[in-house]
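Undergrad: The structure is given below, and queries will be raised subsequently.
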Amino acid sequence: MFQTNEWKGGNLLVHRYPHNFKQKLILDANGQPINPKSQRGIIVGLDPGMTVGVAILDLQGHIRGVDSFKEVSRAEITKHIISFGRAVLIATDVHQPPKMVKKMATALNSRIYAPYRDLAVNAKNEMVDDYVYGDRSRRSRDTAPVLAPQNAHERDALAAAIQGYKNYQKKLEQIEKKAIDLGLPLELVDNVKIMVINEVPITKAINATLEKLKPGDLEPGKESTISGMENKEEVPGISLDSETAHIPNLVMELRNKIKFQKKQIMNLKKKNNRLSQDIHKYQQELSQLENKIERLQYQYSQNIMQQREITTKNSIIKGIQEKYNREKGLREELENQLGSIKRIRAMELSQEATPVKIIKSFSKDSIREATTSWNIKKDDVVFLKSSEGGGSQTASLLVDIGVKAVLTTDKMSHQAREEFERNMVPLIERDAVHLEMADDFAVIRSRDLERQISKWKKNQEEEKKREDRNKLLKIMDDYRAQRKRSTNNF
């Protein structure tokens, strides 16, 4: 196993491997080992998923291939990639590299490029169109005339590869320019580019490549340039032939170089002074901005405190308003009850009409509530809007108060009716009298009420007489039956 250290630098997500990491054996499509040194460097754009998009760019920026594969294994993707060359960079179009990208980079011993933020669809379309159709030199000379993506997976892969190439484009073009001056073969130029992508300085990479070569391996006339690059004590940029060099020419060149460097130093000093003035100016502006921020923070804190105080006071005002509304409603209710009680009292004194106090339902709670609200007392007439639900104990509450009569609208339970009849509290049907509703109470003519009460009492007396007569007849029948049994026994 090997360890992977990851960090973000600019737009690049970098994977480093230990020095003792051994390159995995890479096989081509026929299963034969491939020597990585003999392969051209490539940049791979990868769009993982059920359908995998793969785009290949060489280190000159030419599009080598754009393909997509549905439900393909990672091993087949790896074979496809290494058939184009040595993967130096695996690029993705999202900020967080997917797991497949990391695994492919590990398997191919490549670095990972990820943008500092996810690429938008419009940006990818514009980037790919400009790259494919805008510059014909970007198309590979070894493949079809136009390598354009055919679906969204290929587009995303190609956009990732293009973005990865552009991240190194300036350095790669600089290497090509120096390689032309040195006459380096194309394969060696790729090696230099690969080293630079892996964070080796350009000069160091070129020197390391030149040290492995013989002068005869380069183009004619380029050996003197190599000697100037390899000799660290000589001045870079001066081309000398050790057999034909003359000291006066060297001195002249060195004097010109010193003159140029002095002028460059003066320019740098002037630039440094300007930068120092800019720094002083920016420091003053920074101090002013910091003071402004402090003032704004103070004002903001004051506004917050003021807003909190306003919120608290509004809450208090709202509570007082709600309490006032409740008290106002209670007062209006009490005034209405007081007015009704006054009218009831006036009716009681007139003796022409009798007020009837209303009880909403035949339950203990409703009777207690009506007693409190309407001051139900002895000899009052009450009206039960609903006679259901109450029993003998509920009826006993009205009996204990001593009401004069009870008006009902529906059928009452047998137990409650017996309780009223046993205590001689008249039960009058609502339809038997003319009951007029007045606000929260009712009114009945006193004459009609007395007639119904008398009628109820008369009915009760007759019922009682019938019961007494039936009891007497039963006693006589029992006595006769007993006498008859006694006579038969003798």
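All residue names refer to the structure tokens as shown: chains lettered A, B, ... in order, residues numbered from 1 in each chain, ligands numbered from 1 in order.
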Got a sec: who's within 12 Å of A:Asp431, counting only C-alpha atoms, leaving out chain neighbours fewer than 5 positions off, as a PyMOL selection string?
TA: chain A and resi 407-410+436+452
Undergrad: Step one, run DSSP on the backbone; step two, keep only residues of stretch 33-123 of chain A assigned to helix (DSSP H, G or I); then write them as a PDB file with N, CA and C atoms, in the first residue's frame.
TA:
```
ATOM      1  N   PRO A  36       6.635   2.794 -19.945  1.00  0.00           N
ATOM      2  CA  PRO A  36       6.130   4.165 -19.859  1.00  0.00           C
ATOM      3  C   PRO A  36       7.058   5.177 -20.499  1.00  0.00           C
ATOM      4  N   LYS A  37       8.364   4.921 -20.518  1.00  0.00           N
ATOM      5  CA  LYS A  37       9.291   5.910 -21.062  1.00  0.00           C
ATOM      6  C   LYS A  37       9.124   6.056 -22.564  1.00  0.00           C
ATOM      7  N   SER A  38       8.604   4.998 -23.209  1.00  0.00           N
ATOM      8  CA  SER A  38       8.440   5.060 -24.658  1.00  0.00           C
ATOM      9  C   SER A  38       7.113   5.663 -25.069  1.00  0.00           C
ATOM     10  N   ARG A  74     -13.444  -0.535 -15.103  1.00  0.00           N
ATOM     11  CA  ARG A  74     -12.328   0.394 -14.971  1.00  0.00           C
ATOM     12  C   ARG A  74     -11.099  -0.132 -15.713  1.00  0.00           C
ATOM     13  N   ALA A  75     -10.958  -1.445 -15.762  1.00  0.00           N
ATOM     14  CA  ALA A  75      -9.814  -2.016 -16.468  1.00  0.00           C
ATOM     15  C   ALA A  75      -9.877  -1.704 -17.967  1.00  0.00           C
ATOM     16  N   GLU A  76     -11.062  -1.756 -18.551  1.00  0.00           N
ATOM     17  CA  GLU A  76     -11.195  -1.443 -19.978  1.00  0.00           C
ATOM     18  C   GLU A  76     -10.922   0.036 -20.242  1.00  0.00           C
ATOM     19  N   ILE A  77     -11.369   0.900 -19.320  1.00  0.00           N
ATOM     20  CA  ILE A  77     -11.070   2.333 -19.465  1.00  0.00           C
ATOM     21  C   ILE A  77      -9.561   2.551 -19.404  1.00  0.00           C
ATOM     22  N   THR A  78      -8.898   1.847 -18.478  1.00  0.00           N
ATOM     23  CA  THR A  78      -7.444   1.982 -18.339  1.00  0.00           C
ATOM     24  C   THR A  78      -6.741   1.561 -19.626  1.00  0.00           C
ATOM     25  N   LYS A  79      -7.140   0.414 -20.222  1.00  0.00           N
ATOM     26  CA  LYS A  79      -6.537  -0.030 -21.478  1.00  0.00           C
ATOM     27  C   LYS A  79      -6.754   0.984 -22.591  1.00  0.00           C
ATOM     28  N   HIS A  80      -7.968   1.578 -22.614  1.00  0.00           N
ATOM     29  CA  HIS A  80      -8.259   2.584 -23.646  1.00  0.00           C
ATOM     30  C   HIS A  80      -7.339   3.792 -23.491  1.00  0.00           C
ATOM     31  N   ILE A  81      -7.116   4.217 -22.272  1.00  0.00           N
ATOM     32  CA  ILE A  81      -6.302   5.425 -22.039  1.00  0.00           C
ATOM     33  C   ILE A  81      -4.850   5.163 -22.408  1.00  0.00           C
ATOM     34  N   ILE A  82      -4.276   4.034 -21.937  1.00  0.00           N
ATOM     35  CA  ILE A  82      -2.851   3.799 -22.182  1.00  0.00           C
ATOM     36  C   ILE A  82      -2.562   3.456 -23.640  1.00  0.00           C
ATOM     37  N   LYS A  99     -14.714   9.435  -6.883  1.00  0.00           N
ATOM     38  CA  LYS A  99     -13.880   8.312  -6.460  1.00  0.00           C
ATOM     39  C   LYS A  99     -13.214   7.631  -7.651  1.00  0.00           C
ATOM     40  N   MET A 100     -13.949   7.516  -8.766  1.00  0.00           N
ATOM     41  CA  MET A 100     -13.378   6.842  -9.930  1.00  0.00           C
ATOM     42  C   MET A 100     -12.165   7.599 -10.461  1.00  0.00           C
ATOM     43  N   VAL A 101     -12.225   8.933 -10.446  1.00  0.00           N
ATOM     44  CA  VAL A 101     -11.094   9.743 -10.915  1.00  0.00           C
ATOM     45  C   VAL A 101      -9.878   9.494 -10.032  1.00  0.00           C
ATOM     46  N   LYS A 102     -10.094   9.448  -8.716  1.00  0.00           N
ATOM     47  CA  LYS A 102      -8.978   9.195  -7.795  1.00  0.00           C
ATOM     48  C   LYS A 102      -8.385   7.809  -8.024  1.00  0.00           C
ATOM     49  N   LYS A 103      -9.246   6.812  -8.222  1.00  0.00           N
ATOM     50  CA  LYS A 103      -8.753   5.449  -8.439  1.00  0.00           C
ATOM     51  C   LYS A 103      -7.978   5.351  -9.763  1.00  0.00           C
ATOM     52  N   MET A 104      -8.481   6.022 -10.816  1.00  0.00           N
ATOM     53  CA  MET A 104      -7.782   5.995 -12.092  1.00  0.00           C
ATOM     54  C   MET A 104      -6.433   6.701 -11.980  1.00  0.00           C
ATOM     55  N   ALA A 105      -6.376   7.809 -11.245  1.00  0.00           N
ATOM     56  CA  ALA A 105      -5.108   8.524 -11.059  1.00  0.00           C
ATOM     57  C   ALA A 105      -4.121   7.654 -10.296  1.00  0.00           C
ATOM     58  N   THR A 106      -4.615   6.907  -9.317  1.00  0.00           N
ATOM     59  CA  THR A 106      -3.739   6.006  -8.564  1.00  0.00           C
ATOM     60  C   THR A 106      -3.231   4.887  -9.457  1.00  0.00           C
ATOM     61  N   ALA A 107      -4.126   4.298 -10.251  1.00  0.00           N
ATOM     62  CA  ALA A 107      -3.735   3.181 -11.104  1.00  0.00           C
ATOM     63  C   ALA A 107      -2.736   3.615 -12.181  1.00  0.00           C
ATOM     64  N   LEU A 108      -2.870   4.832 -12.696  1.00  0.00           N
ATOM     65  CA  LEU A 108      -2.019   5.324 -13.785  1.00  0.00           C
ATOM     66  C   LEU A 108      -0.857   6.167 -13.279  1.00  0.00           C
ATOM     67  N   VAL A 121     -22.705  24.360 -17.274  1.00  0.00           N
ATOM     68  CA  VAL A 121     -22.975  23.744 -18.579  1.00  0.00           C
ATOM     69  C   VAL A 121     -22.693  24.730 -19.712  1.00  0.00           C
ATOM     70  N   ASN A 122     -23.135  25.987 -19.559  1.00  0.00           N
ATOM     71  CA  ASN A 122     -22.906  26.992 -20.605  1.00  0.00           C
ATOM     72  C   ASN A 122     -21.412  27.223 -20.833  1.00  0.00           C
ATOM     73  N   ALA A 123     -20.658  27.272 -19.727  1.00  0.00           N
ATOM     74  CA  ALA A 123     -19.216  27.485 -19.839  1.00  0.00           C
ATOM     75  C   ALA A 123     -18.554  26.307 -20.557  1.00  0.00           C
TER      76      ALA A 123
END
```
Undergrad: Can you measure atom CA of A:Lys124 to atom CA of A:Ala159 for me? One decimal in Å is fine.
TA: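 So the answer is 5.6 Å.
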Undergrad: Closest to A:Lys457 among A:Val425, A:Asn470, A:Lys484, A:Asp181, using only C-alpha atoms?
TA: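 The answer is A:Val425, which sits nearest to A:Lys457.
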Undergrad: Which residue, A:Ser73, A:Asn151, A:Thr371, A:Thr92, has the smallest gap to A:Ile43 when you use only C-alpha atoms?
TA: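 Nearest to A:Ile43: A:Thr92.
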Undergrad: Please run DSSP on the backbone and report, as a list in words, all residues within stretch 270-453 of chain A that come out as strand (DSSP E or B).
TA: Ala353, Thr354, Pro355, Val356, Lys357, Ile358, Ile359, Val381, Val382, Phe383, Leu384, Ala405, Val406, Leu407, Thr408, Leu427, Ile428, Glu429, Leu435, Glu436, Met437, Ala438, Phe441, Ala442, Val443, Ile444 and Arg445 of chain A
Undergrad: So how many Å separate atom CA of A:Leu158 and atom CA of A:Leu46, to one decimal?
TA: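 So the answer is 7.9 Å.
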Undergrad: For A:Arg417, which of A:Leu435, A:Ile202, A:Ala395, A:Leu338 is the closest residue, counting only C-alpha atoms?
TA: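 Of all the options, A:Ala395 lies closest to A:Arg417.
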Undergrad: Could you state the separation of atom CA of A:Gly45 and atom CA of A:Glu71 in Å, given to one decimal place?
TA: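 According to the coordinates, atom CA of A:Gly45 and atom CA of A:Glu71 are separated by 17.9 Å.
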